[in-house]
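Notes follow once the structure below has been shown.
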Amino acid sequence: MTSDSRQIPARFDPYDGPMADTVTDSRLVHGVCHHDCPDSCGWSVTVESNDSSDPVAVALRGNREHPYSQGELCPKVNRMLDRVYSPDRLLTPLRRTGPKGAGTFEPISWDDALATIAQRTHQVIDEHGPEAVLPFSDAGNQGVLAMMGLSSRFFGHMGATRLIRAICGPTVGAGMSMTNGTGRAMDPAELEHSRLIILWGTNTRLTNRHLWPTIERARAAGAQLVVIDPLRTMTAEAVDEARGDRFVQPRPGTDVALMLAMMRVIIHEGLTNTEWVDAHTVAFDELVAAVEEWSPARAAEVTGVDADTIVELARDYATTTPAAIRTLVGAEHHENGAMFFRTMACLPALTGAWAERGGGIAKSVGSYSDALLDVQAFHRPDLDVRIDGELPRVVNMSRLGEVLTSAHAAFDDGPGIHALFVWNCNPLVIVPNAEAIRRGLERDDLFTVVHEQFLTDSARYADIVLPATTQIEADDVMLPWGHLWATWNGAAIPPVGESCSNTELFRRLAGAMGYTEPTLFDDDETLLRNGFPTIDLDELRTTGWLRVPYPDDGRPFGDGDFETASRRVEFASDLLEQIGQPRVPTYVPPRESPGGDPDLATLFPFQLLTPKHHVRFLNSSYPQLPKHGPPEGGPFVEVHADDAQELGVSEGSEVRVWNQRGSLQLPVRISTRVRPGLVAVPFGWWRDHHDHHGTANSLTNDTLTEWGGGVAYSDTLVDVAPV
Ligand SMILES: Nc1nc2c(c(=O)[nH]1)N[C@H]1C(S)=C(S)[C@@H](COP(=O)(O)OP(=O)(O)OC[C@H]3O[C@@H](n4cnc5c(=O)[nH]c(N)nc54)[C@H](O)[C@@H]3O)O[C@H]1N2
Ligand SMILES: Nc1nc2c(c(=O)[nH]1)N[C@H]1C(S)=C(S)[C@@H](COP(=O)(O)OP(=O)(O)OC[C@H]3O[C@@H](n4cnc5c(=O)[nH]c(N)nc54)[C@H](O)[C@@H]3O)O[C@H]1N2
Ligand code: SF4
Ligand SMILES: [Mo]
């Protein structure tokens, strides 16, 4: 890349304190972390200025007054200013000058960039229709403006193909809704009152670290901890068997069988809360019949968890009050991911756990923010272009590879994709089946625009790259999904270089396209005022945060009223039957798993997990920064000692890990975190860090979940061999 118009103050080092004696003003600006992370920590930025230069952020620290994070950030964001002022930050628009992927660009003006984008996009629309345009984004910045701002108005007005954004979270809600009629659940802060806490498919100490003190307080008051994860994660390491804690290590994708056997134990041993079941559930008899075939011995065979452990776990769960399950997204990334959460939601109903404060399930609390937000005010469905009364087609983000490499992107009669707009996301690193995406991005007849802070793997394939602001350069409101404190983010400094925010991007694009609909140009203040009709924004700006409404007594279903058609917990679901799914909890092995396709498993005998792993990484956002990537040491594959011996490899040996989708060369780490037959590659590294041969997602499966629109990247089979 060549870019010379750096606008970073020359003698500037954010850790070096003030801009010496020229400072005429110093102030504190309060904000909140933008990352797709449950913790949404409050921070304070110290900004200094003098008479001659732009204000400079000289320190960014956790805000001690923030009611949730209380002053602590994390190893990713403690050095946020390294990100803001990185010498690799994109500061001007760029035009590609070499082959797609090579990373050769020249700086151009915003006017030139917008003119090129408008000309090429109009050309695509004229030739192929607006559905040949695909917007692609996720939660790179999960602020309300950054994620919802103006993009759906812009693309709705254009008539572009619509994107289903469901790689993270929606499947959890879609699964639980089939049982409870809603994705609403406990505020995780309520775990303080729990006496049994099951961390099920979530790596709290890594991914949700600010919740850990709550769990430790409950443990200090006597709570028992259970961790259920195929990997012995850093959270599993906190298990203390001497205190009655338990680590349970099922094979990936098999937990539904574990839950069915637990429910059978509960029912057989008379541990069901019959009073609660009679009052608040339907179809208990159907559940009894469904679990009958799941003896602990049979579940042990499927899950790899021994039968005694299953029995003891079921007894502990049913007899300890209050008992809470804490879960996030780890377990949704299997073909049976929605069924996992549908079945999980039956457990607290069987024991009546919802009746107690501190009992039930704690997942994302995002659904509570709905009360504050008027989503339609952002989207403005009245602006959507319809053809014969129909909205444009949809494609699922997790199928991007297939979509970009098919003549008919959605396998309808519609056009393939000829223009791709990417912002708030790094698809080539984060979407499964990434080699198909790479082949798609290499197409000469695809015009790609990427709005980014850095020249990511995805940006390298763009025709035009546009520079994006960071969180300290634009106002926003954060609606967290790990706690209930909606937090104001104040812009601390003006946009660095020529970068612009996501909303400003779409105002500029609308102007360039020649659109005249006035609401495509709404300013941020108007967007927020309309989007939060019941909130006093000025007050939020001043106080910094407000609490999202949540039941005073701490119990989401204390009144026993659920949101299904029957207003009860549904052990059998007509809705599921209507969409062709089993009406009762049922274990179906993922197709790409030893239980689902034994022939494929002979060819590719190892299951592969590619989870979040590094304390200094947040998804794909940090491997390029010198104080984040290098200290984590680079990618590797974790192999159990028994498997290593059989393969004839040892610590540090180079191996090839491959399947029908891709191949990586990696050093071996002999690891006690995996069991035999399971290997793990950390997620988040870029192609650079894998010698440009791919990333963890080059190997992963893009099969969708049975409902809910999620994706099964954790149902991946591979083979491993020394090179
Ligand atoms: N194999 C595997 N794949 C996974 C996962 C896994 O565990 N394993 N996890 C999945 C999950 S849960 C998620 S959420 C996704 C995450 O996928 P992404 O959301 O794509 O990942 P991030 O790295 O959080 O953010 C992407 C980019 O957003 C950019 N960005 C940040 N702020 C802004 C902004 O204000 N404007 C613009 N235009 N860009 C901005 C950052 O520079 C970054 O490059 O990955 C998924 N993919
Ligand atoms: N340090 C750090 N923190 C992060 C992120 C990051 O990249 N780095 N990403 C953020 C994002 S976007 C999100 S969505 C959250 C996600 O937070 P989590 O859901 O806690 O994280 P994941 O790593 O996606 O998955 C958690 C665990 O699920 C396990 N798992 C996989 N398959 C199964 C299964 O079949 N059964 C069971 N029981 N467990 C299974 C994995 O081994 C993993 O340890 O974390 C956020 N926080
Ligand atoms: S990444 Fe998560 S833990 Fe770190 S500062 Fe941001 S919200 Fe807090
Ligand atoms: Mo996520």
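Chain identifiers are assigned as A, B, and so on, following the order in which chains appear in the structure tokens; residues are numbered from 1 within each chain, and ligands are numbered from 1 in order of appearance.
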
(request) Check every protein, DNA and RNA residue against ligand 4, keep those with an atom at most 8 Å away (counting only C-alpha atoms and all ligand atoms), and present them as a PyMOL selection string. (result) chain A and resi 36-37+139+167-169+329+619

Write a file of the just-selected residues containing all heavy atoms, as an mmCIF file, in the first residue's frame.
```cif
data_model
loop_
_atom_site.group_PDB
_atom_site.id
_atom_site.type_symbol
_atom_site.label_atom_id
_atom_site.label_comp_id
_atom_site.auth_asym_id
_atom_site.auth_seq_id
_atom_site.Cartn_x
_atom_site.Cartn_y
_atom_site.Cartn_z
ATOM 1 N N ASP A 36 -17.946 -6.243 19.356
ATOM 2 C CA ASP A 36 -19.011 -7.234 19.473
ATOM 3 C C ASP A 36 -18.631 -8.169 20.621
ATOM 4 O O ASP A 36 -18.172 -9.280 20.413
ATOM 5 C CB ASP A 36 -19.112 -7.996 18.151
ATOM 6 C CG ASP A 36 -20.313 -8.906 18.106
ATOM 7 O OD1 ASP A 36 -21.058 -8.956 19.095
ATOM 8 O OD2 ASP A 36 -20.498 -9.571 17.072
ATOM 9 N N CYS A 37 -18.827 -7.682 21.815
ATOM 10 C CA CYS A 37 -18.373 -8.352 23.034
ATOM 11 C C CYS A 37 -19.478 -8.112 24.057
ATOM 12 O O CYS A 37 -20.054 -7.024 24.087
ATOM 13 C CB CYS A 37 -17.050 -7.730 23.478
ATOM 14 S SG CYS A 37 -16.505 -8.228 25.120
ATOM 15 N N ALA A 139 -21.005 -6.911 12.933
ATOM 16 C CA ALA A 139 -20.969 -6.070 14.130
ATOM 17 C C ALA A 139 -19.554 -5.620 14.481
ATOM 18 O O ALA A 139 -19.194 -5.549 15.647
ATOM 19 C CB ALA A 139 -21.601 -6.813 15.298
ATOM 20 N N ILE A 167 -24.705 -14.820 11.834
ATOM 21 C CA ILE A 167 -23.556 -15.683 12.158
ATOM 22 C C ILE A 167 -23.323 -15.722 13.667
ATOM 23 O O ILE A 167 -22.607 -16.575 14.162
ATOM 24 C CB ILE A 167 -22.282 -15.217 11.415
ATOM 25 C CG1 ILE A 167 -21.325 -16.400 11.225
ATOM 26 C CG2 ILE A 167 -21.595 -14.060 12.134
ATOM 27 C CD1 ILE A 167 -20.192 -16.133 10.270
ATOM 28 N N CYS A 168 -23.961 -14.813 14.396
ATOM 29 C CA CYS A 168 -23.673 -14.724 15.831
ATOM 30 C C CYS A 168 -24.932 -14.359 16.610
ATOM 31 O O CYS A 168 -25.301 -13.193 16.645
ATOM 32 C CB CYS A 168 -22.591 -13.675 16.069
ATOM 33 S SG CYS A 168 -22.295 -13.343 17.807
ATOM 34 N N GLY A 169 -25.571 -15.338 17.198
ATOM 35 C CA GLY A 169 -26.627 -15.026 18.145
ATOM 36 C C GLY A 169 -28.056 -15.364 17.779
ATOM 37 O O GLY A 169 -28.758 -15.959 18.604
ATOM 38 N N VAL A 329 -22.773 -18.020 22.485
ATOM 39 C CA VAL A 329 -23.010 -18.506 21.124
ATOM 40 C C VAL A 329 -22.236 -19.779 20.766
ATOM 41 O O VAL A 329 -22.451 -20.344 19.702
ATOM 42 C CB VAL A 329 -22.682 -17.425 20.064
ATOM 43 C CG1 VAL A 329 -23.428 -16.145 20.370
ATOM 44 C CG2 VAL A 329 -21.196 -17.185 19.938
ATOM 45 N N ASN A 619 -12.231 -11.332 17.713
ATOM 46 C CA ASN A 619 -12.526 -11.822 16.372
ATOM 47 C C ASN A 619 -11.321 -11.594 15.456
ATOM 48 O O ASN A 619 -10.222 -12.023 15.778
ATOM 49 C CB ASN A 619 -13.823 -11.191 15.838
ATOM 50 C CG ASN A 619 -14.998 -11.515 16.746
ATOM 51 O OD1 ASN A 619 -15.010 -12.565 17.370
ATOM 52 N ND2 ASN A 619 -15.962 -10.632 16.827
#
```

Exercise answer, 8 Å around ligand 1 with only C-alpha atoms and all ligand atoms, as a compact mmCIF listing (two decimals) with C-alpha atoms, in the first residue's frame:
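As written to disk, selection.txt reads:
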```
# COMPACT_ATOMS: atom_id res chain seq x y z
CA HIS A 34 -17.55 -0.70 20.20
CA HIS A 35 -16.61 -4.36 20.00
CA ASP A 36 -19.01 -7.23 19.47
CA SER A 137 -21.77 -6.19 7.15
CA ASP A 138 -21.81 -7.45 10.70
CA ALA A 139 -20.97 -6.07 14.13
CA GLY A 140 -17.38 -4.81 13.73
CA ASN A 141 -18.75 -1.77 15.55
CA GLN A 142 -21.97 -2.70 17.30
CA ALA A 146 -22.77 2.07 13.22
CA ILE A 167 -23.56 -15.68 12.16
CA CYS A 168 -23.67 -14.72 15.83
CA GLY A 169 -26.63 -15.03 18.15
CA VAL A 329 -23.01 -18.51 21.12
CA GLY A 330 -20.41 -21.32 21.26
CA VAL A 422 -18.52 -4.48 2.77
CA TRP A 423 -18.40 -2.47 6.00
CA ASN A 424 -18.18 -3.33 9.72
CA CYS A 425 -16.95 -6.82 8.82
CA ASN A 426 -14.00 -8.85 7.52
CA PRO A 427 -15.79 -11.66 5.66
CA VAL A 429 -11.48 -14.10 7.76
CA ILE A 430 -14.72 -14.62 9.66
CA VAL A 431 -17.15 -16.46 7.35
CA PRO A 432 -16.80 -20.25 6.95
CA VAL A 450 -14.73 -2.07 1.50
CA HIS A 451 -15.09 0.55 4.24
CA GLU A 452 -12.44 -0.25 6.88
CA GLN A 453 -9.94 1.02 9.41
CA PHE A 454 -7.19 -1.31 8.15
CA THR A 456 -7.75 -6.37 6.09
CA PRO A 467 -11.32 4.80 5.39
CA ALA A 468 -13.51 4.31 8.47
CA THR A 469 -13.45 6.13 11.81
CA THR A 470 -12.86 4.35 15.12
CA GLN A 471 -15.17 4.50 18.11
CA SER A 501 -18.31 6.99 10.16
CA ASN A 502 -20.71 4.36 8.82
CA LEU A 609 -12.92 -26.50 16.49
CA THR A 610 -11.82 -22.95 15.60
CA PRO A 611 -12.85 -20.88 18.63
CA LYS A 612 -11.86 -17.52 19.98
CA LEU A 618 -11.38 -9.80 19.36
CA ASN A 619 -12.53 -11.82 16.37
CA SER A 620 -10.40 -10.71 13.39
CA SER A 621 -9.55 -7.29 14.75
CA TYR A 622 -6.06 -7.43 16.27
CA PRO A 682 -7.40 -20.49 16.88
CA PHE A 683 -9.73 -18.15 14.98
CA GLY A 684 -8.85 -14.55 14.10
CA ALA A 696 -8.96 -21.22 10.12
CA ASN A 697 -12.15 -20.56 8.18
CA THR A 700 -14.84 -24.71 8.13
CA TYR A 713 -18.61 -23.91 11.36
CA SER A 714 -17.95 -26.11 14.38
```

(request) For each of A:Thr171, A:Thr672, A:Asn530, A:Thr516, take the minimum atom-to-atom distance to A:Leu372, counting only C-alpha atoms, then give the residue where this is smallest. (result)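 With only C-alpha atoms as the atom set, the closest residue is A:Asn530.
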
(message) Would you pick out the contacts of A:Met478 at 8 Å or less, using only C-alpha atoms, so that residues sharing its chain but fewer than 6 positions from it are not included, and give the list as an MDAnalysis selection string?
(response) chainID A and resid 32 34 40 142:144 486:489

(message) If we count only C-alpha atoms and set the cut-off at 12 Å, which residues sit around A:Ala680, ignoring sequence neighbours fewer than 4 positions away in its own chain? Please answer as JSON, numbers by chain.
(response) {"A": [230, 231, 232, 233, 252, 606, 607, 608, 609, 610, 611, 612, 613, 635, 636, 637, 638, 639, 640, 657, 666, 667, 668, 669, 670, 671, 672, 673, 674, 675, 676, 696, 697, 699, 700, 714, 716, 717, 718, 720]}

Proximity check chain A to ligand 3, 10 Å, nearest pairs one decimal Å, only C-alpha atoms and all ligand atoms, as a tab-separated table:
```
residue	atom	partner	partner_atom_place_in_ligand_line	distance
A:Val32	CA	ligand 3	7 (S)	7.6
A:Cys33	CA	ligand 3	6 (Fe)	4.6
A:His34	CA	ligand 3	6 (Fe)	6.5
A:His35	CA	ligand 3	6 (Fe)	5.3
A:Asp36	CA	ligand 3	1 (S)	7.3
A:Cys37	CA	ligand 3	2 (Fe)	4.6
A:Pro38	CA	ligand 3	7 (S)	6.4
A:Asp39	CA	ligand 3	7 (S)	4.2
A:Ser40	CA	ligand 3	7 (S)	3.7
A:Cys41	CA	ligand 3	8 (Fe)	4.2
A:Gly42	CA	ligand 3	8 (Fe)	7.6
A:Trp43	CA	ligand 3	5 (S)	8.0
A:Arg61	CA	ligand 3	5 (S)	9.5
A:Gly62	CA	ligand 3	5 (S)	7.9
A:Tyr68	CA	ligand 3	8 (Fe)	9.9
A:Ser69	CA	ligand 3	8 (Fe)	7.2
A:Gly71	CA	ligand 3	8 (Fe)	9.8
A:Glu72	CA	ligand 3	8 (Fe)	7.6
A:Leu73	CA	ligand 3	5 (S)	4.2
A:Cys74	CA	ligand 3	4 (Fe)	4.3
A:Pro75	CA	ligand 3	4 (Fe)	6.9
A:Lys76	CA	ligand 3	4 (Fe)	5.7
A:Val77	CA	ligand 3	5 (S)	5.0
A:Asn78	CA	ligand 3	5 (S)	7.1
A:Arg79	CA	ligand 3	5 (S)	9.7
A:Met80	CA	ligand 3	5 (S)	8.7
A:Leu206	CA	ligand 3	3 (S)	8.8
A:Thr207	CA	ligand 3	3 (S)	7.4
A:Asn208	CA	ligand 3	3 (S)	6.6
A:Arg209	CA	ligand 3	3 (S)	6.3
A:His210	CA	ligand 3	3 (S)	6.7
A:Leu211	CA	ligand 3	3 (S)	9.7
A:Pro480	CA	ligand 3	7 (S)	8.9
A:Gly482	CA	ligand 3	7 (S)	9.3
A:Val615	CA	ligand 3	4 (Fe)	9.3
A:Arg616	CA	ligand 3	4 (Fe)	9.0
A:Phe617	CA	ligand 3	1 (S)	8.5
A:Leu618	CA	ligand 3	1 (S)	6.5
A:Asn619	CA	ligand 3	1 (S)	9.8
```

(message) Using only C-alpha atoms, which protein or nucleic acid residues come within 10 Å of A:Val305? Drop anything in the same chain fewer than 5 positions from it, and give the result as a VMD selection string.
(response) chain A and resid 248 to 251 255 258 296 to 297 299 to 300 310

(request) Rank nothing, just name the residue among A:His66, A:Arg195, A:Arg95, A:Arg460 nearest to A:Glu356, using only C-alpha atoms. (result) A:Arg195

(message) One decimal, in Å: what's the spacing between atom CA of A:Gln578 and atom CA of A:Asn180?
(response)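 Distance reported for this atom pair: 16.7 Å.
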